[in-house]
file target38.csv (CSV, C-alpha atoms)
chain,number,residue,atom,x,y,z
M,1,MET,CA,0.0,0.0,0.0
M,2,SER,CA,1.8,3.2,-1.2
M,3,VAL,CA,-0.6,5.5,0.7
M,4,PHE,CA,-1.9,5.0,4.3
M,5,GLU,CA,-4.8,7.2,5.1
M,6,PHE,CA,-5.3,8.5,8.6
M,7,LYS,CA,-8.2,10.7,9.7
M,8,ASN,CA,-6.2,14.0,9.6
M,9,PHE,CA,-3.4,13.3,7.2
M,10,SER,CA,-2.0,10.9,4.6
M,11,VAL,CA,1.3,9.0,4.6
M,12,HIS,CA,2.9,8.3,1.2
M,13,GLN,CA,5.4,5.5,1.6
M,14,ALA,CA,6.4,4.2,-1.8
M,15,ASN,CA,10.1,5.0,-1.3
M,16,SER,CA,10.4,4.1,2.4
M,17,PRO,CA,12.0,0.8,3.4
M,18,LEU,CA,9.5,0.3,6.2
M,19,LYS,CA,5.8,0.9,5.6
M,20,VAL,CA,3.3,2.2,8.2
M,21,SER,CA,3.2,-0.3,11.0
M,22,THR,CA,1.3,-1.0,14.2
M,23,ASP,CA,4.5,-0.2,16.0
M,24,ALA,CA,4.6,3.3,14.7
M,25,ILE,CA,1.0,3.9,15.4
M,26,LEU,CA,1.3,2.5,19.0
M,27,LEU,CA,4.3,4.8,19.8
M,28,GLY,CA,2.7,7.8,18.1
M,29,SER,CA,-0.5,7.2,20.1
M,30,ILE,CA,0.9,6.6,23.6
M,31,VAL,CA,3.7,9.2,24.0
M,32,LYS,CA,2.8,11.7,26.7
M,33,ILE,CA,4.0,15.3,26.4
M,34,ASP,CA,3.1,17.7,29.2
M,35,LYS,CA,5.0,20.8,28.2
M,36,PRO,CA,2.8,23.0,25.9
M,37,ASN,CA,5.6,24.2,23.6
M,38,ALA,CA,7.8,21.1,23.8
M,39,SER,CA,10.6,20.5,21.3
M,40,ILE,CA,10.6,16.9,19.9
M,41,LEU,CA,13.2,14.9,18.0
M,42,ASP,CA,12.0,11.9,15.9
M,43,VAL,CA,15.0,9.6,15.3
M,44,GLY,CA,14.6,7.4,12.2
M,45,THR,CA,11.4,9.0,11.1
M,46,GLY,CA,10.9,6.9,8.0
M,47,SER,CA,7.8,8.1,6.2
M,48,GLY,CA,7.2,10.5,9.1
M,49,VAL,CA,4.1,8.8,10.6
M,50,ILE,CA,5.2,9.1,14.3
M,51,ALA,CA,5.9,12.8,13.9
M,52,LEU,CA,2.6,13.3,12.1
M,53,LEU,CA,0.7,11.5,14.8
M,54,LEU,CA,2.4,13.6,17.5
M,55,ALA,CA,1.7,16.8,15.7
M,56,SER,CA,-1.9,15.9,15.3
M,57,ARG,CA,-2.2,15.2,19.1
M,58,PHE,CA,-0.3,18.1,20.5
M,59,HIS,CA,-1.1,21.3,18.7
M,60,THR,CA,1.7,23.6,20.0
M,61,ILE,CA,4.8,21.3,19.9
M,62,THR,CA,7.5,21.5,17.2
M,63,ILE,CA,9.2,18.4,15.8
M,64,ASP,CA,12.5,17.8,14.1
M,65,ALA,CA,12.7,14.5,12.3
M,66,ILE,CA,15.8,12.8,11.0
M,67,ASP,CA,16.5,9.8,8.8
M,68,PRO,CA,19.5,8.8,6.7
M,69,ASP,CA,17.6,7.0,4.0
M,70,THR,CA,16.9,9.0,0.9
M,71,GLY,CA,13.7,7.2,0.0
M,72,ALA,CA,12.3,7.7,3.4
M,73,PHE,CA,13.3,11.3,3.3
M,74,GLN,CA,11.5,11.8,0.0
M,75,ASP,CA,8.3,10.4,1.4
M,76,ALA,CA,8.5,12.2,4.8
M,77,LYS,CA,9.2,15.5,3.0
M,78,ARG,CA,6.0,15.1,0.9
M,79,ASN,CA,4.0,14.0,3.9
M,80,PHE,CA,5.1,16.8,6.1
M,81,GLU,CA,4.5,19.5,3.4
M,82,CYS,CA,1.0,18.2,2.6
M,83,SER,CA,-0.1,17.9,6.2
M,84,PRO,CA,-2.0,20.5,8.3
M,85,PHE,CA,1.0,20.6,10.6
M,86,SER,CA,3.7,21.6,8.1
M,87,ASP,CA,4.7,24.8,9.9
M,88,ARG,CA,5.7,22.7,13.0
M,89,LEU,CA,7.7,20.0,11.3
M,90,ARG,CA,11.3,20.1,10.1
M,91,LEU,CA,13.1,17.3,8.3
M,92,PHE,CA,16.8,16.5,8.0
M,93,LEU,CA,18.5,13.8,5.9
M,94,THR,CA,21.1,12.6,8.3
M,95,GLU,CA,22.1,10.0,10.8
M,96,ILE,CA,21.9,11.1,14.5
M,97,ALA,CA,25.7,10.8,14.9
M,98,GLN,CA,26.1,13.6,12.3
M,99,TYR,CA,23.2,15.6,13.6
M,100,ASP,CA,23.8,18.9,15.5
M,101,GLN,CA,25.1,18.0,18.9
M,102,ASP,CA,24.3,21.3,20.4
M,103,LEU,CA,20.5,20.8,20.0
M,104,LYS,CA,18.7,19.5,23.1
M,105,TYR,CA,15.1,18.3,23.1
M,106,ASP,CA,12.3,18.0,25.7
M,107,THR,CA,11.2,14.7,24.2
M,108,ILE,CA,12.9,12.2,21.8
M,109,VAL,CA,11.0,9.4,20.2
M,110,SER,CA,12.2,6.5,18.1
M,111,ASN,CA,11.1,3.2,16.5
M,112,PRO,CA,14.7,2.0,16.1
M,113,PRO,CA,16.2,-1.2,14.6
M,114,TYR,CA,15.5,-3.9,17.2
M,115,PHE,CA,16.9,-7.1,15.7
M,116,ILE,CA,20.2,-7.1,17.6
M,117,ASP,CA,22.9,-9.2,16.0
M,118,GLY,CA,20.2,-11.1,14.1
M,119,LEU,CA,20.3,-12.6,10.6
M,120,PRO,CA,20.2,-9.5,8.4
M,121,SER,CA,18.1,-8.9,5.4
M,122,ASP,CA,19.5,-9.0,1.9
M,123,ASN,CA,17.9,-5.7,1.2
M,124,GLU,CA,20.3,-3.0,2.3
M,125,ALA,CA,17.7,-0.4,3.2
M,126,MET,CA,15.6,-2.9,5.1
M,127,LYS,CA,18.7,-4.1,6.9
M,128,GLN,CA,19.5,-0.6,8.0
M,129,ALA,CA,16.0,0.0,9.2
M,130,LYS,CA,15.5,-3.2,11.2
M,131,HIS,CA,18.8,-4.9,12.0
M,132,VAL,CA,21.6,-3.6,14.2
M,133,SER,CA,24.7,-4.8,16.0
M,134,ILE,CA,24.9,-4.6,19.7
M,135,SER,CA,27.6,-1.9,19.5
M,136,ALA,CA,25.6,0.2,17.0
M,137,PHE,CA,22.5,-0.2,19.2
M,138,HIS,CA,24.3,1.1,22.2
M,139,ALA,CA,25.8,4.0,20.2
M,140,LEU,CA,22.3,5.0,18.9
M,141,LEU,CA,21.0,5.0,22.5
M,142,LEU,CA,23.9,7.1,23.7
M,143,GLU,CA,23.5,9.6,20.8
M,144,MET,CA,19.8,10.1,21.8
M,145,LYS,CA,20.7,10.5,25.4
M,146,HIS,CA,23.2,13.2,24.6
M,147,ARG,CA,20.5,15.2,22.8
M,148,LEU,CA,18.0,15.0,25.7
M,149,LYS,CA,17.4,18.0,28.0
M,150,SER,CA,18.1,17.3,31.7
M,151,ASN,CA,14.4,17.1,32.4
M,152,GLY,CA,13.6,15.4,29.1
M,153,ALA,CA,12.0,12.1,28.2
M,154,LEU,CA,13.2,9.4,25.7
M,155,TRP,CA,10.4,7.1,24.3
M,156,LEU,CA,11.2,3.9,22.4
M,157,ILE,CA,9.2,1.0,21.0
M,158,LEU,CA,11.2,-2.3,21.0
M,159,ALA,CA,10.9,-6.0,21.0
M,160,PRO,CA,11.2,-7.4,24.6
M,161,GLU,CA,14.8,-8.7,24.2
M,162,SER,CA,16.1,-5.4,22.8
M,163,ALA,CA,13.9,-3.5,25.3
M,164,ASN,CA,15.7,-5.2,28.2
M,165,GLU,CA,19.0,-4.5,26.6
M,166,ALA,CA,18.1,-0.8,26.4
M,167,ILE,CA,16.9,-0.7,30.0
M,168,SER,CA,20.2,-2.2,31.2
M,169,TYR,CA,22.5,-0.1,29.0
M,170,LEU,CA,20.7,3.2,29.6
M,171,GLN,CA,20.6,2.6,33.4
M,172,ASN,CA,24.4,2.4,33.3
M,173,MET,CA,24.5,5.6,31.3
M,174,GLY,CA,22.3,7.5,33.9
M,175,LEU,CA,18.9,7.1,32.2
M,176,PHE,CA,16.2,5.2,34.0
M,177,VAL,CA,13.0,3.7,32.8
M,178,GLN,CA,9.9,5.5,34.0
M,179,LYS,CA,7.1,3.8,32.1
M,180,LYS,CA,6.8,0.3,30.6
M,181,PHE,CA,3.9,-0.4,28.4
M,182,ARG,CA,3.6,-4.1,27.3
M,183,PHE,CA,1.6,-4.6,24.1
M,184,HIS,CA,0.3,-8.1,23.4
M,185,ALA,CA,-0.6,-9.2,19.8
M,186,ASN,CA,-3.5,-11.1,21.4
M,187,ALA,CA,-4.3,-13.3,24.4
M,188,SER,CA,-2.2,-16.1,23.0
M,189,LYS,CA,0.7,-14.1,21.7
M,190,LEU,CA,2.1,-12.0,24.5
M,191,ASP,CA,4.8,-9.3,24.6
M,192,LYS,CA,4.8,-8.3,20.9
M,193,ARG,CA,6.3,-4.9,21.7
M,194,TRP,CA,7.2,-2.8,24.7
M,195,VAL,CA,7.0,1.0,24.8
M,196,LEU,CA,9.5,2.5,27.2
M,197,CYS,CA,9.9,6.0,28.6
M,198,PHE,CA,13.3,7.0,30.1
M,199,SER,CA,14.4,10.1,32.1
M,200,PHE,CA,17.3,11.1,34.2
M,201,GLU,CA,15.4,10.7,37.4
M,202,LYS,CA,14.6,7.5,39.2
M,203,HIS,CA,10.9,6.8,39.9
M,204,VAL,CA,8.7,3.9,40.6
M,205,VAL,CA,8.1,2.4,37.2
M,206,GLU,CA,4.6,2.7,35.8
M,207,LEU,CA,3.5,-0.6,34.3
M,208,LYS,CA,0.6,-1.1,31.9
M,209,GLU,CA,-0.5,-3.8,29.6
M,210,PHE,CA,-2.5,-3.5,26.3
M,211,TYR,CA,-3.9,-5.9,23.8
M,212,ILE,CA,-3.9,-5.1,20.1
M,213,ARG,CA,-6.3,-7.7,18.8
M,214,ASN,CA,-8.8,-10.2,20.0
M,215,LEU,CA,-8.3,-13.9,19.2
M,216,ASP,CA,-10.7,-13.6,16.3
M,217,GLY,CA,-8.5,-11.0,14.6
M,218,THR,CA,-10.6,-8.0,15.4
M,219,PHE,CA,-9.1,-5.0,17.1
M,220,HIS,CA,-9.2,-5.1,20.9
M,221,ASP,CA,-11.1,-2.4,22.8
M,222,GLN,CA,-7.8,-1.3,24.3
M,223,TYR,CA,-6.3,-0.6,20.9
M,224,LYS,CA,-9.5,1.1,19.8
M,225,ALA,CA,-9.4,3.4,22.8
M,226,LEU,CA,-5.7,4.2,22.3
M,227,ALA,CA,-5.4,4.6,18.5
M,228,GLY,CA,-8.7,4.1,16.9
M,229,GLY,CA,-9.4,7.8,16.7
M,230,PHE,CA,-6.5,8.3,14.3
M,231,HIS,CA,-7.7,5.8,11.7
M,232,ASN,CA,-9.9,7.1,8.9
M,233,ARG,CA,-12.3,4.2,9.2
M,234,SER,CA,-14.2,2.6,12.1
M,235,LEU,CA,-12.3,-0.3,13.7
call {"tool": "encode", "arguments": {"input": "target38.csv", "output": "structure tokens"}}
result
Amino acid sequence: MSVFEFKNFSVHQANSPLKVSTDAILLGSIVKIDKPNASILDVGTGSGVIALLLASRFHTITIDAIDPDTGAFQDAKRNFECSPFSDRLRLFLTEIAQYDQDLKYDTIVSNPPYFIDGLPSDNEAMKQAKHVSISAFHALLLEMKHRLKSNGALWLILAPESANEAISYLQNMGLFVQKKFRFHANASKLDKRWVLCFSFEKHVVELKEFYIRNLDGTFHDQYKALAGGFHNRSL
């Protein structure tokens, strides 16, 4: 599907290695931003769907989005320019390691590669988007930490194994998990993805669980309540 239609915007994705996924919708739907004029960095924006979801939810935030893939950049540029939020979105073709190190953000969000040291894809763009070595994964987490304000929050969506790795590594780097949201594909397929929120302060971890679908394949009421309002059709 080259175009994914949401209620308030469209996502063109013909050139992006990764298409609009449930992961992106979950992260874009659950991130919490309390500061009215918060600055946001979307790392690995792809077609821009997470940034667009956040811009549609929080009407006064500004978002910088980065991605090193030229195809994803082309799609995100079109999607941002055609959206009702274009004046609050900026896009940069770059890896985070080459991104301005002086910029600090209130909130950083990312749907990063989460197959750590796994069997990579033969497709180079897909490999870059989904597969990562343990050293590169740590380097990515550290780069995001360096661009976070002292009172900022880092939000990630990951598979459980890579989520636990992120929790362990970032704790050693002085970032502590504040929220852990476990998403289950359905009642028989648990722990599909975790959404994690980190900050520089230690708190009691907020734990919540969500189901995406029922056993018959229909969307669970929890998913509908969280993300159903962004879809352009009734779930």
call {"tool": "closest_residue", "arguments": {"input": "target38.csv", "among": "M:Ile108, M:Ile30, M:Ile66, M:Ala55", "to": "M:Asp87", "atoms": "all atoms listed in the file"}}
result
M:Ala55
call {"tool": "closest_residue", "arguments": {"input": "target38.csv", "among": "M:Ala24, M:Leu52, M:Leu235, M:Ala153", "to": "M:Ala38", "atoms": "all atoms listed in the file"}}
result
M:Ala153
call {"tool": "atom_distance", "arguments": {"input": "target38.csv", "atom1": "atom CA of M:Cys197", "atom2": "atom CA of M:Lys32"}}
result
9.3 Å
call {"tool": "closest_atom_pairs", "arguments": {"input": "target38.csv", "of": "stretch 58-167 of chain M", "to": "stretch 181-192 of chain M", "cutoff": "9 Å", "atoms": "only C-alpha atoms", "output": "Markdown table"}}
result
| residue | atom | partner | partner_atom | distance |
| --- | --- | --- | --- | --- |
| M:Leu158 | CA | M:Lys192 | CA | 8.8 |
| M:Ala159 | CA | M:Lys192 | CA | 6.5 |
| M:Pro160 | CA | M:Asp191 | CA | 6.7 |
call {"tool": "residues_around", "arguments": {"input": "target38.csv", "residues": "M:Asp69", "least_positions_apart": "3", "cutoff": "10 Å", "atoms": "only C-alpha atoms", "output": "MDAnalysis selection string"}}
result
chainID M and resid 15:17 44:46 66 72:74 93:95 125 128:129
call {"tool": "closest_residue", "arguments": {"input": "target38.csv", "among": "M:Ser199, M:Ala76, M:Ser39, M:Phe219", "to": "M:Ser234", "atoms": "all atoms listed in the file"}}
result
M:Phe219
call {"tool": "residues_near_point", "arguments": {"input": "target38.csv", "point": "(-6.5, -7.9, 19.4)", "cutoff": "9 Å", "atoms": "all atoms listed in the file", "output": "VMD selection string"}}
result
chain M and resid 184 to 187 211 to 223
call {"tool": "closest_residue", "arguments": {"input": "target38.csv", "among": "M:Leu91, M:Ile96, M:Met173, M:Ala51", "to": "M:Val31", "atoms": "only C-alpha atoms"}}
result
M:Ala51
call {"tool": "closest_residue", "arguments": {"input": "target38.csv", "among": "M:Val132, M:Leu18, M:Leu148, M:Val11", "to": "M:Phe198", "atoms": "all atoms listed in the file"}}
result
M:Leu148
call {"tool": "residues_around", "arguments": {"input": "target38.csv", "residues": "M:His138", "least_positions_apart": "6", "cutoff": "12 Å", "atoms": "only C-alpha atoms", "output": "list in words"}}
result
Pro112, Pro113, Tyr114, Ile116, Val132, Met144, Lys145, Ser162, Ala163, Glu165, Ala166, Ile167, Ser168, Tyr169, Leu170, Gln171, Asn172 and Met173 of chain M
call {"tool": "write_last_selection", "arguments": {"input": "target38.csv", "atoms": "C-alpha atoms", "output": "CSV table (one decimal), in the frame of the given file"}}
result
chain,number,residue,atom,x,y,z
M,112,PRO,CA,14.7,2.0,16.1
M,113,PRO,CA,16.2,-1.2,14.6
M,114,TYR,CA,15.5,-3.9,17.2
M,116,ILE,CA,20.2,-7.1,17.6
M,132,VAL,CA,21.6,-3.6,14.2
M,144,MET,CA,19.8,10.1,21.8
M,145,LYS,CA,20.7,10.5,25.4
M,162,SER,CA,16.1,-5.4,22.8
M,163,ALA,CA,13.9,-3.5,25.3
M,165,GLU,CA,19.0,-4.5,26.6
M,166,ALA,CA,18.1,-0.8,26.4
M,167,ILE,CA,16.9,-0.7,30.0
M,168,SER,CA,20.2,-2.2,31.2
M,169,TYR,CA,22.5,-0.1,29.0
M,170,LEU,CA,20.7,3.2,29.6
M,171,GLN,CA,20.6,2.6,33.4
M,172,ASN,CA,24.4,2.4,33.3
M,173,MET,CA,24.5,5.6,31.3
call {"tool": "closest_residue", "arguments": {"input": "target38.csv", "among": "M:Glu5, M:Asp42, M:Asp23, M:Asp64", "to": "M:Arg193", "atoms": "all atoms listed in the file"}}
result
M:Asp23
call {"tool": "decode", "arguments": {"input": "target38.csv", "residues": "stretch 4-30 of chain M", "atoms": "N, CA and C atoms", "output": "CSV table (one decimal), in the first residue's frame"}}
result
chain,number,residue,atom,x,y,z
M,4,PHE,N,-1.1,5.4,3.1
M,4,PHE,CA,-1.9,5.0,4.3
M,4,PHE,C,-2.6,6.2,4.7
M,5,GLU,N,-3.9,6.1,4.8
M,5,GLU,CA,-4.8,7.2,5.1
M,5,GLU,C,-5.2,7.2,6.6
M,6,PHE,N,-4.8,8.3,7.3
M,6,PHE,CA,-5.3,8.5,8.6
M,6,PHE,C,-6.4,9.6,8.5
M,7,LYS,N,-7.0,9.8,9.7
M,7,LYS,CA,-8.2,10.7,9.7
M,7,LYS,C,-7.8,12.1,9.3
M,8,ASN,N,-6.6,12.6,9.8
M,8,ASN,CA,-6.2,14.0,9.6
M,8,ASN,C,-5.1,14.2,8.6
M,9,PHE,N,-4.5,13.1,8.1
M,9,PHE,CA,-3.4,13.3,7.2
M,9,PHE,C,-3.2,12.0,6.4
M,10,SER,N,-2.4,12.0,5.4
M,10,SER,CA,-2.0,10.9,4.6
M,10,SER,C,-0.5,10.6,4.6
M,11,VAL,N,-0.2,9.3,4.6
M,11,VAL,CA,1.3,9.0,4.6
M,11,VAL,C,1.6,8.2,3.3
M,12,HIS,N,2.3,8.9,2.4
M,12,HIS,CA,2.9,8.3,1.2
M,12,HIS,C,4.1,7.6,1.6
M,13,GLN,N,4.3,6.4,1.1
M,13,GLN,CA,5.4,5.5,1.6
M,13,GLN,C,6.0,4.6,0.5
M,14,ALA,N,5.9,5.0,-0.7
M,14,ALA,CA,6.4,4.2,-1.8
M,14,ALA,C,7.9,4.0,-1.8
M,15,ASN,N,8.6,5.0,-1.3
M,15,ASN,CA,10.1,5.0,-1.3
M,15,ASN,C,10.7,4.6,0.0
M,16,SER,N,9.9,4.4,1.1
M,16,SER,CA,10.4,4.1,2.4
M,16,SER,C,10.6,2.6,2.6
M,17,PRO,N,11.8,2.2,3.2
M,17,PRO,CA,12.0,0.8,3.4
M,17,PRO,C,11.0,0.1,4.2
M,18,LEU,N,10.5,0.8,5.3
M,18,LEU,CA,9.5,0.3,6.2
M,18,LEU,C,8.2,1.0,6.0
M,19,LYS,N,7.1,0.3,5.8
M,19,LYS,CA,5.8,0.9,5.6
M,19,LYS,C,5.1,1.2,7.0
M,20,VAL,N,4.0,1.9,7.0
M,20,VAL,CA,3.3,2.2,8.2
M,20,VAL,C,3.0,0.9,9.0
M,21,SER,N,3.4,0.9,10.2
M,21,SER,CA,3.2,-0.3,11.0
M,21,SER,C,2.4,-0.1,12.3
M,22,THR,N,2.0,-1.1,12.9
M,22,THR,CA,1.3,-1.0,14.2
M,22,THR,C,2.3,-0.4,15.2
M,23,ASP,N,3.6,-0.8,15.1
M,23,ASP,CA,4.5,-0.2,16.0
M,23,ASP,C,4.5,1.3,16.0
M,24,ALA,N,4.6,1.8,14.8
M,24,ALA,CA,4.6,3.3,14.7
M,24,ALA,C,3.4,3.9,15.3
M,25,ILE,N,2.2,3.3,15.0
M,25,ILE,CA,1.0,3.9,15.4
M,25,ILE,C,0.9,3.8,17.0
M,26,LEU,N,1.3,2.7,17.5
M,26,LEU,CA,1.3,2.5,19.0
M,26,LEU,C,2.2,3.6,19.6
M,27,LEU,N,3.4,3.8,19.2
M,27,LEU,CA,4.3,4.8,19.8
M,27,LEU,C,3.7,6.2,19.6
M,28,GLY,N,3.2,6.5,18.4
M,28,GLY,CA,2.7,7.8,18.1
M,28,GLY,C,1.4,8.1,18.9
M,29,SER,N,0.8,7.1,19.4
M,29,SER,CA,-0.5,7.2,20.1
M,29,SER,C,-0.3,7.3,21.6
M,30,ILE,N,0.8,6.7,22.1
M,30,ILE,CA,0.9,6.6,23.6
M,30,ILE,C,1.9,7.6,24.2
